[in-house]
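K.L.:
I have a structure I would like to understand better, so I am pasting it below and will then ask my questions one at a time.
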Amino acid sequence: MPLPAKAFQLWLHSVAPTASTADICRISGIKRTTLAQQLVRGKVAETTLVSISRALHLSPLAALASFDSFADLSSPPLPTPAELVSQIATMDLLRAVISRSSPAYGGYGDDGSSRTPALSAAPHATSVRNWVDSIDDGELRHRVSAATGIAPQNYSAQLTANRMSPELAVATARAAGIGFTGGLVATGLITEDEAGWPPGAKQAALDAVSDGELTALAGERLLSLGKTLRRQEQEQAQTQKIWENLG
Amino acid sequence: MTAFLEWGTLAVCCTVLLLRVPDAVRGRNRTVFGILLLATLCSLLAVSGPYEAIDGVLGGWNLTHLILRFLVFATVLLVGLRLTRGLSAATGYRLIAGSIGRWALGISCVAVTVLFLLMDTRGSSAGLAALQGSGGRNAFLAPFYAAAGRSYPAFVSLILMAPLLAAARSQMPRLVRAAALVTLLGALAVVLSIPASFAPPDWALGQHVVNYSAVLAYVLGLALFWFSGVIAGKSGNTNATFSKITD
């Protein structure tokens, strides 16, 4: 369930008592019709709230925390190291593997991390699936679907599409017994800074991973990337064949 | 209503045929053009005016209707071969082009011819509508003749259903999937037209709707396959998927 419109309007009145709806839309870059529609339907999207709090220079996390469904956000625990590593893009992980290797292969050995380019910001192309994988104890998906009623195949479809609603991300975090910020960052609702992650948190988590673990992790990521690419190539070839014969 | 269906179908066939002329001139997929040409000819012969004119030349004993059946068989054969090849349905292609398909075509041709000769077919009448109402032997044989004329199209349509359904459910571009879905509806209508042949005469309008929607859906499906290729333009670079997935 997105945010209830009534609670949203109360919040808006408390943070910007003098601003009109038109002002709010102008500064936050939200279309007036979009906001009006969300208010009429009684459900305001979390992205709307985040855009408005950014425009008002408020913390999106604190704004979210003022709503009942996100109440636990007020003092968020830091994400686990595994969650942090899951938010490192696959190409950055591969770069880390190479930079740790010997100079003969273009690496820098032990001081690799200080000499490779900074990690790209989360979320990345497979953030959502990697985040869920990093917190999954094997039973997580069952617990989420029992708690929210979402069918397992719909849940997997969201992971494949690298998309997840904030409510589902929160439900997933709750089922895994961890803080909520990892999911909100992985789904792209808020940035790492806004989630209160220290600037070097991802890099530190990556540096703490042993060579063996890093290589295995990079291998898993490459394997699933390869599967996705192969499926896409197959479909492209299939489409091409259709056009050759019927186009 | 029936006249509207006849002329409407002819108009759609002509439009799609004209759209494909430039490609046919350039030598691109002339088979598809041939299919559309045959389909247009068939829908022309289904209209009362042209039918009676041509049948008059041929002696006025409805020989045109038998020729129309053979034209339909030829169209369906070409459609089946093209679609199974385009959709990479090797089994389907073998079923249509192999000995089973040849037997099916042969038996259908013989059945149609024998039933036609058994009927008293004097007096030109498009769709043999007047013969069915004349009572006696004709009234008994007419539904069987109609069903025999749809047996081979239904055989091919049954084979096409599985690959079309798979294409409609795949991850290919939306227009390609839409084209597969529309063609699938055509195949469904063709299969339904066999039981519809035995419907009581009061249901004539329903029969016509099923028959013409089959032609329309097949032709529009082919047009959509062609159109999806046209707007997709030329981009056959398989490497392009890599940057798409990894951002």
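How things are named: the first chain in the structure tokens is A, the next is B, and so on; residues count from 1 in each chain; ligands count from 1 in the order shown.
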If you run DSSP on this backbone, which residues of range 45-174 of chain A come out as helix (DSSP H, G or I), and could you give them as a ChimeraX atom specification?
P.N.:
/A:46-55,60-65,68-74,81-86,90-100,103-105,109-115,127-135,140-148,152-160,166-174
K.L.:
Kindly determine which residues of chain A lie within 10 Å of chain B, considering only C-alpha atoms, and give the answer as a PyMOL selection string.
P.N.:
chain A and resi 89-91+124-126+225-226+228-247
K.L.:
Those residues you just picked out, can you put them in a file as a short mmCIF file (atom, residue, chain, number, x, y, z; two decimals), in the first residue's frame with N, CA and C atoms?
P.N.:
```
data_model
loop_
_atom_site.label_atom_id
_atom_site.label_comp_id
_atom_site.auth_asym_id
_atom_site.auth_seq_id
_atom_site.Cartn_x
_atom_site.Cartn_y
_atom_site.Cartn_z
N ALA A 89 28.15 -2.72 -8.30
CA ALA A 89 27.85 -3.19 -9.66
C ALA A 89 28.79 -4.32 -10.06
N THR A 90 28.30 -5.24 -10.89
CA THR A 90 29.09 -6.39 -11.33
C THR A 90 30.43 -5.97 -11.94
N MET A 91 30.39 -4.91 -12.77
CA MET A 91 31.63 -4.48 -13.41
C MET A 91 32.63 -3.94 -12.39
N HIS A 124 22.42 -0.52 -9.14
CA HIS A 124 22.97 -0.94 -10.42
C HIS A 124 21.97 -1.84 -11.14
N ALA A 125 22.41 -2.40 -12.28
CA ALA A 125 21.46 -3.07 -13.18
C ALA A 125 20.78 -4.30 -12.59
N THR A 126 21.41 -4.93 -11.57
CA THR A 126 20.76 -6.10 -10.95
C THR A 126 20.66 -5.94 -9.44
N LEU A 225 24.76 -13.02 -15.33
CA LEU A 225 24.79 -12.04 -16.41
C LEU A 225 24.85 -12.74 -17.77
N GLY A 226 25.68 -13.79 -17.81
CA GLY A 226 25.79 -14.56 -19.05
C GLY A 226 24.46 -15.18 -19.45
N THR A 228 21.44 -14.10 -18.67
CA THR A 228 20.54 -13.04 -19.14
C THR A 228 20.90 -12.62 -20.56
N LEU A 229 22.21 -12.45 -20.80
CA LEU A 229 22.63 -12.02 -22.14
C LEU A 229 22.29 -13.06 -23.18
N ARG A 230 22.52 -14.35 -22.82
CA ARG A 230 22.21 -15.40 -23.79
C ARG A 230 20.73 -15.43 -24.13
N ARG A 231 19.88 -15.26 -23.08
CA ARG A 231 18.45 -15.27 -23.34
C ARG A 231 18.07 -14.12 -24.27
N GLN A 232 18.66 -12.95 -24.00
CA GLN A 232 18.37 -11.80 -24.85
C GLN A 232 18.83 -12.04 -26.28
N GLU A 233 20.00 -12.64 -26.42
CA GLU A 233 20.52 -12.88 -27.77
C GLU A 233 19.64 -13.87 -28.51
N GLN A 234 19.17 -14.90 -27.77
CA GLN A 234 18.29 -15.89 -28.40
C GLN A 234 17.01 -15.23 -28.88
N GLU A 235 16.45 -14.37 -28.01
CA GLU A 235 15.21 -13.71 -28.40
C GLU A 235 15.44 -12.77 -29.58
N GLN A 236 16.61 -12.13 -29.58
CA GLN A 236 16.90 -11.24 -30.70
C GLN A 236 17.02 -12.03 -32.00
N ALA A 237 17.68 -13.19 -31.90
CA ALA A 237 17.83 -14.02 -33.10
C ALA A 237 16.48 -14.51 -33.58
N GLN A 238 15.61 -14.86 -32.62
CA GLN A 238 14.26 -15.33 -32.96
C GLN A 238 13.48 -14.22 -33.67
N THR A 239 13.56 -13.03 -33.10
CA THR A 239 12.86 -11.89 -33.71
C THR A 239 13.38 -11.63 -35.12
N GLN A 240 14.70 -11.71 -35.24
CA GLN A 240 15.32 -11.48 -36.54
C GLN A 240 14.80 -12.49 -37.57
N LYS A 241 14.66 -13.72 -37.11
CA LYS A 241 14.20 -14.76 -38.03
C LYS A 241 12.76 -14.51 -38.46
N ILE A 242 11.96 -14.04 -37.53
CA ILE A 242 10.57 -13.70 -37.87
C ILE A 242 10.55 -12.63 -38.94
N TRP A 243 11.37 -11.60 -38.75
CA TRP A 243 11.38 -10.50 -39.71
C TRP A 243 11.93 -10.94 -41.06
N GLU A 244 12.89 -11.84 -41.02
CA GLU A 244 13.44 -12.32 -42.30
C GLU A 244 12.39 -13.08 -43.10
N ASN A 245 11.56 -13.87 -42.39
CA ASN A 245 10.60 -14.71 -43.09
C ASN A 245 9.26 -14.06 -43.32
N LEU A 246 8.89 -13.14 -42.46
CA LEU A 246 7.54 -12.57 -42.56
C LEU A 246 7.55 -11.07 -42.79
N GLY A 247 8.72 -10.45 -42.64
CA GLY A 247 8.77 -8.99 -42.74
C GLY A 247 8.66 -8.49 -44.18
#
```
K.L.:
Counting only C-alpha atoms, what is within 9 Å of range 6-15 of chain B, bar same-chain residues fewer than 5 positions away, as a list of chain:residue names?
P.N.:
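My list of contacting residues is B:Met1, B:Arg20, B:Leu36, B:Leu37, B:Ala39, B:Thr40, B:Leu41, B:Cys42, B:Ser43, B:Leu44, B:Ala46, B:Val47, B:Ser48, B:Tyr212, B:Ser213, B:Val215, B:Leu216, B:Val219, B:Leu220.
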K.L.:
Give me a file of those residues, with C-alpha atoms, as a PDB file, in the first residue's frame.
P.N.:
```
ATOM      1  CA  MET B   1     -24.154  -7.149 -42.352  1.00  0.00           C
ATOM      2  CA  ARG B  20       3.499  -4.767 -49.294  1.00  0.00           C
ATOM      3  CA  LEU B  36      -1.580 -11.649 -49.509  1.00  0.00           C
ATOM      4  CA  LEU B  37      -2.354 -11.724 -53.234  1.00  0.00           C
ATOM      5  CA  ALA B  39      -5.927 -13.932 -49.779  1.00  0.00           C
ATOM      6  CA  THR B  40      -7.159 -10.873 -51.680  1.00  0.00           C
ATOM      7  CA  LEU B  41      -8.253 -13.054 -54.590  1.00  0.00           C
ATOM      8  CA  CYS B  42     -10.098 -15.361 -52.185  1.00  0.00           C
ATOM      9  CA  SER B  43     -11.905 -12.489 -50.503  1.00  0.00           C
ATOM     10  CA  LEU B  44     -12.788 -11.064 -53.937  1.00  0.00           C
ATOM     11  CA  ALA B  46     -16.322 -14.376 -51.645  1.00  0.00           C
ATOM     12  CA  VAL B  47     -18.191 -11.221 -52.712  1.00  0.00           C
ATOM     13  CA  SER B  48     -21.433 -11.975 -54.581  1.00  0.00           C
ATOM     14  CA  TYR B 212     -14.343 -13.609 -42.012  1.00  0.00           C
ATOM     15  CA  SER B 213     -12.681 -12.950 -38.663  1.00  0.00           C
ATOM     16  CA  VAL B 215      -9.259 -14.279 -42.725  1.00  0.00           C
ATOM     17  CA  LEU B 216      -9.033 -10.819 -41.188  1.00  0.00           C
ATOM     18  CA  VAL B 219      -4.047 -11.000 -42.794  1.00  0.00           C
ATOM     19  CA  LEU B 220      -3.782  -8.424 -40.012  1.00  0.00           C
TER      20      LEU B 220
END
```
K.L.:
Could you tell me how far CA of Gln207 in chain B sits from CA of Ser193 in chain B, in Å to one decimal place?
P.N.:
7.0 Å
K.L.:
What is the CA of Glu194 in chain A to CA of Ser210 in chain A distance in Å?
P.N.:
28.8 Å
K.L.:
Ile194 in chain B: which residues within 8 Å, counting only C-alpha atoms, same-chain residues fewer than 4 positions away excluded, as a list in words?
P.N.:
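Contacts, in chain order: Ala146, Ala147, Arg150, Ser151, Ala154, Val190 and Phe198 of chain B.
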K.L.:
Kindly give the distance, in Å, that separates CA of Ala122 in chain A and CA of Gln87 in chain A, rounded to a single decimal.
P.N.:
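Going from CA of Ala122 in chain A over to CA of Gln87 in chain A covers 5.7 Å.
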K.L.:
Need the shell around Ser66 in chain A: protein/DNA/RNA residues with any atom at most 12 Å away, counting only C-alpha atoms. Skip same-chain ones fewer than 6 positions apart. Format as a list of chain:residue names?
P.N.:
A:Leu3, A:Ala7, A:Phe8, A:Leu10, A:Trp11, A:Leu12, A:Ser14, A:Val15, A:Leu49, A:Ser59, A:Pro60, A:Asp72, A:Leu73, A:Ser74, A:Ser75
K.L.:
Neighbours of Gly56 in chain B within 12 Å (only C-alpha atoms; same-chain residues fewer than 3 positions away dropped), as a PyMOL selection string?
P.N.:
chain B and resi 48-53+59-65+122-126
K.L.:
From the set A:Ser86, A:Gln158, A:Thr47, A:Thr187, which residue has the shortest atom-to-atom contact distance to Leu214 in chain A, counting only C-alpha atoms?
P.N.:
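Distance minimum relative to Leu214 in chain A lands on A:Ser86.
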